[in-house]
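Engineer: So I've got this file, protein.txt, and it contains compact mmCIF, N, CA and C atoms and all ligand atoms:
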# COMPACT_ATOMS: atom_id res chain seq x y z
N MET A 1 14.45 1.88 -12.26
CA MET A 1 14.16 1.63 -10.84
C MET A 1 13.79 0.16 -10.65
N THR A 2 14.27 -0.41 -9.59
CA THR A 2 13.98 -1.82 -9.33
C THR A 2 12.54 -1.99 -8.85
N LYS A 3 11.89 -3.01 -9.40
CA LYS A 3 10.50 -3.32 -9.02
C LYS A 3 10.50 -4.58 -8.18
N SER A 4 9.64 -4.60 -7.19
CA SER A 4 9.57 -5.81 -6.37
C SER A 4 8.13 -6.26 -6.19
N PHE A 5 8.00 -7.58 -5.98
CA PHE A 5 6.68 -8.18 -5.79
C PHE A 5 6.79 -9.27 -4.73
N THR A 6 5.82 -9.30 -3.84
CA THR A 6 5.78 -10.33 -2.81
C THR A 6 4.45 -11.07 -2.92
N CYS A 7 4.54 -12.39 -2.95
CA CYS A 7 3.35 -13.21 -3.18
C CYS A 7 2.30 -13.02 -2.08
N VAL A 8 2.73 -12.79 -0.88
CA VAL A 8 1.79 -12.67 0.24
C VAL A 8 0.83 -11.48 0.01
N ASP A 9 1.23 -10.50 -0.77
CA ASP A 9 0.37 -9.36 -1.09
C ASP A 9 -0.85 -9.78 -1.90
N MET A 10 -0.78 -10.96 -2.53
CA MET A 10 -1.91 -11.48 -3.29
C MET A 10 -2.85 -12.30 -2.41
N GLY A 11 -2.58 -12.31 -1.11
CA GLY A 11 -3.42 -13.07 -0.20
C GLY A 11 -3.06 -14.53 -0.15
N LYS A 12 -1.92 -14.87 -0.77
CA LYS A 12 -1.46 -16.26 -0.74
C LYS A 12 -0.61 -16.46 0.52
N ASP A 13 -0.66 -17.68 1.05
CA ASP A 13 0.17 -18.03 2.19
C ASP A 13 1.53 -18.48 1.63
N CYS A 14 2.28 -17.52 1.15
CA CYS A 14 3.49 -17.82 0.40
C CYS A 14 4.47 -16.66 0.59
N ALA A 15 5.64 -16.97 1.06
CA ALA A 15 6.61 -15.93 1.40
C ALA A 15 7.50 -15.55 0.22
N TRP A 16 7.21 -16.10 -0.96
CA TRP A 16 8.04 -15.83 -2.12
C TRP A 16 7.99 -14.35 -2.51
N SER A 17 9.14 -13.85 -2.84
CA SER A 17 9.17 -12.49 -3.39
C SER A 17 10.23 -12.43 -4.48
N THR A 18 10.12 -11.43 -5.33
CA THR A 18 11.08 -11.31 -6.42
C THR A 18 11.28 -9.84 -6.75
N ARG A 19 12.34 -9.58 -7.46
CA ARG A 19 12.54 -8.23 -7.96
C ARG A 19 13.20 -8.27 -9.33
N ALA A 20 13.01 -7.19 -10.07
CA ALA A 20 13.58 -7.10 -11.41
C ALA A 20 13.74 -5.63 -11.77
N ASN A 21 14.41 -5.39 -12.88
CA ASN A 21 14.70 -4.00 -13.26
C ASN A 21 13.54 -3.32 -13.96
N ASN A 22 12.56 -4.11 -14.39
CA ASN A 22 11.38 -3.50 -15.01
C ASN A 22 10.17 -4.42 -14.84
N VAL A 23 9.01 -3.85 -15.11
CA VAL A 23 7.76 -4.59 -14.88
C VAL A 23 7.67 -5.82 -15.77
N TYR A 24 8.17 -5.70 -17.02
CA TYR A 24 8.10 -6.85 -17.92
C TYR A 24 8.84 -8.07 -17.36
N ASP A 25 10.09 -7.85 -16.95
CA ASP A 25 10.87 -8.96 -16.38
C ASP A 25 10.23 -9.48 -15.10
N LEU A 26 9.70 -8.57 -14.33
CA LEU A 26 9.05 -8.97 -13.08
C LEU A 26 7.85 -9.88 -13.36
N MET A 27 7.03 -9.50 -14.35
CA MET A 27 5.87 -10.31 -14.71
C MET A 27 6.29 -11.69 -15.21
N GLN A 28 7.42 -11.76 -15.93
CA GLN A 28 7.91 -13.06 -16.38
C GLN A 28 8.22 -13.96 -15.18
N ARG A 29 8.88 -13.40 -14.19
CA ARG A 29 9.22 -14.17 -12.99
C ARG A 29 7.97 -14.58 -12.22
N ILE A 30 7.02 -13.66 -12.14
CA ILE A 30 5.78 -13.95 -11.42
C ILE A 30 5.01 -15.06 -12.14
N SER A 31 4.99 -15.00 -13.48
CA SER A 31 4.29 -16.03 -14.26
C SER A 31 4.89 -17.41 -13.99
N TRP A 32 6.22 -17.46 -13.96
CA TRP A 32 6.90 -18.73 -13.71
C TRP A 32 6.55 -19.27 -12.33
N HIS A 33 6.58 -18.41 -11.35
CA HIS A 33 6.27 -18.80 -9.98
C HIS A 33 4.81 -19.24 -9.86
N ALA A 34 3.91 -18.48 -10.47
CA ALA A 34 2.48 -18.81 -10.40
C ALA A 34 2.23 -20.20 -10.98
N GLU A 35 2.91 -20.50 -12.08
CA GLU A 35 2.71 -21.80 -12.72
C GLU A 35 3.28 -22.94 -11.87
N HIS A 36 4.50 -22.74 -11.36
CA HIS A 36 5.18 -23.84 -10.68
C HIS A 36 4.77 -24.04 -9.23
N LYS A 37 4.37 -22.97 -8.58
CA LYS A 37 4.03 -23.08 -7.15
C LYS A 37 2.54 -23.03 -6.88
N HIS A 38 1.81 -22.36 -7.75
CA HIS A 38 0.39 -22.18 -7.48
C HIS A 38 -0.50 -22.81 -8.54
N ASP A 39 0.13 -23.49 -9.51
CA ASP A 39 -0.60 -24.21 -10.53
C ASP A 39 -1.51 -23.28 -11.35
N ILE A 40 -1.06 -22.05 -11.54
CA ILE A 40 -1.79 -21.10 -12.39
C ILE A 40 -1.03 -21.04 -13.72
N LYS A 41 -1.58 -21.73 -14.71
CA LYS A 41 -0.86 -21.85 -15.99
C LYS A 41 -0.76 -20.51 -16.71
N GLU A 42 -1.85 -19.77 -16.67
CA GLU A 42 -1.83 -18.46 -17.28
C GLU A 42 -2.56 -17.50 -16.35
N ILE A 43 -1.89 -16.41 -16.03
CA ILE A 43 -2.47 -15.46 -15.09
C ILE A 43 -3.62 -14.70 -15.77
N PRO A 44 -4.83 -14.77 -15.17
CA PRO A 44 -5.96 -14.07 -15.78
C PRO A 44 -5.76 -12.54 -15.70
N GLU A 45 -6.39 -11.81 -16.62
CA GLU A 45 -6.23 -10.36 -16.68
C GLU A 45 -6.53 -9.68 -15.34
N LYS A 46 -7.58 -10.15 -14.67
CA LYS A 46 -7.97 -9.53 -13.39
C LYS A 46 -6.85 -9.66 -12.37
N LEU A 47 -6.23 -10.85 -12.35
CA LEU A 47 -5.15 -11.09 -11.41
C LEU A 47 -3.92 -10.26 -11.78
N LYS A 48 -3.71 -10.12 -13.08
CA LYS A 48 -2.58 -9.29 -13.55
C LYS A 48 -2.73 -7.86 -13.06
N GLU A 49 -3.96 -7.34 -13.14
CA GLU A 49 -4.20 -5.97 -12.67
C GLU A 49 -3.87 -5.86 -11.19
N LYS A 50 -4.28 -6.87 -10.41
CA LYS A 50 -3.99 -6.87 -8.97
C LYS A 50 -2.49 -6.90 -8.73
N ILE A 51 -1.81 -7.73 -9.50
CA ILE A 51 -0.36 -7.85 -9.35
C ILE A 51 0.30 -6.51 -9.63
N LYS A 52 -0.12 -5.85 -10.72
CA LYS A 52 0.49 -4.57 -11.10
C LYS A 52 0.31 -3.54 -10.00
N VAL A 53 -0.86 -3.56 -9.36
CA VAL A 53 -1.10 -2.60 -8.28
C VAL A 53 -0.18 -2.86 -7.09
N SER A 54 0.14 -4.13 -6.87
CA SER A 54 0.94 -4.46 -5.68
C SER A 54 2.46 -4.41 -5.93
N ILE A 55 2.86 -4.14 -7.17
CA ILE A 55 4.28 -4.00 -7.47
C ILE A 55 4.82 -2.73 -6.82
N ARG A 56 5.97 -2.88 -6.20
CA ARG A 56 6.55 -1.72 -5.50
C ARG A 56 7.89 -1.33 -6.11
N ASP A 57 8.18 -0.06 -6.02
CA ASP A 57 9.50 0.42 -6.41
C ASP A 57 10.44 0.25 -5.24
N VAL A 58 11.63 -0.25 -5.52
CA VAL A 58 12.59 -0.46 -4.44
C VAL A 58 13.71 0.57 -4.57
ZN ZN B 101 3.64 -17.72 -4.26
Let me see the structure of the file written as structure tokens.
Structural biologist:
Amino acid sequence: MTKSFTCVDMGKDCAWSTRANNVYDLMQRISWHAEHKHDIKEIPEKLKEKIKVSIRDV
């Protein structure tokens, strides 16, 4: 099942969204975006938990 994530769900003023075929690939894309757009070099565990909760099945 395709998974999707939208940055605005994290309370960021950011319209970026992404999707992938599994959570692992999705997290890779989110990590890249977090580093390049939000200057988050490594996503803290607490934020990861929040991200996982906001991941949706498409
Ligand atoms: Zn963003």
Engineer: Skip stretch 1-13 of chain A itself and residues of its chain fewer than 6 positions away, then list as a PyMOL selection string all residues within 6 Å of it, counting only C-alpha atoms.
Structural biologist: chain A and resi 19-21+55-58
Engineer: Could you work out how far atom C of A:Ile51 lies from atom C of A:Val23, giving the answer in Å with one decimal?
Structural biologist: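 Computing the Euclidean distance for atom C of A:Val23 and atom C of A:Ile51 yields 9.6 Å.
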Engineer: In Å to one decimal, how far is atom C of A:Ile30 from atom N of A:Glu42?
Structural biologist: 9.5 Å
Engineer: Around ligand ZN 101 (chain B), at most 6 Å away and counting all atoms listed in the file, which residues are there? Put them as a ChimeraX atom specification, please.
Structural biologist: /A:7,14-16,33
Engineer: In Å, rounded to a single decimal, give me how far atom CA of A:Asp39 is from atom C of A:Leu26.
Structural biologist: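 Interatomic distance, atom C of A:Leu26 to atom CA of A:Asp39: 16.9 Å.
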Engineer: Run DSSP on the backbone and give me the residues of chain A it puts in strand (DSSP E or B), as a list of chain:residue names.
Structural biologist: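 Across chain A, those assigned strand (DSSP E or B) are A:Lys3, A:Ser4, A:Phe5, A:Thr6, A:Ser17, A:Thr18, A:Arg19, A:Ala20, A:Arg56, A:Asp57.
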Engineer: Give me every helix (DSSP H, G or I) residue in chain A, going by DSSP on the backbone, as a ChimeraX atom specification.
Structural biologist: /A:7-10,23-38,45-54
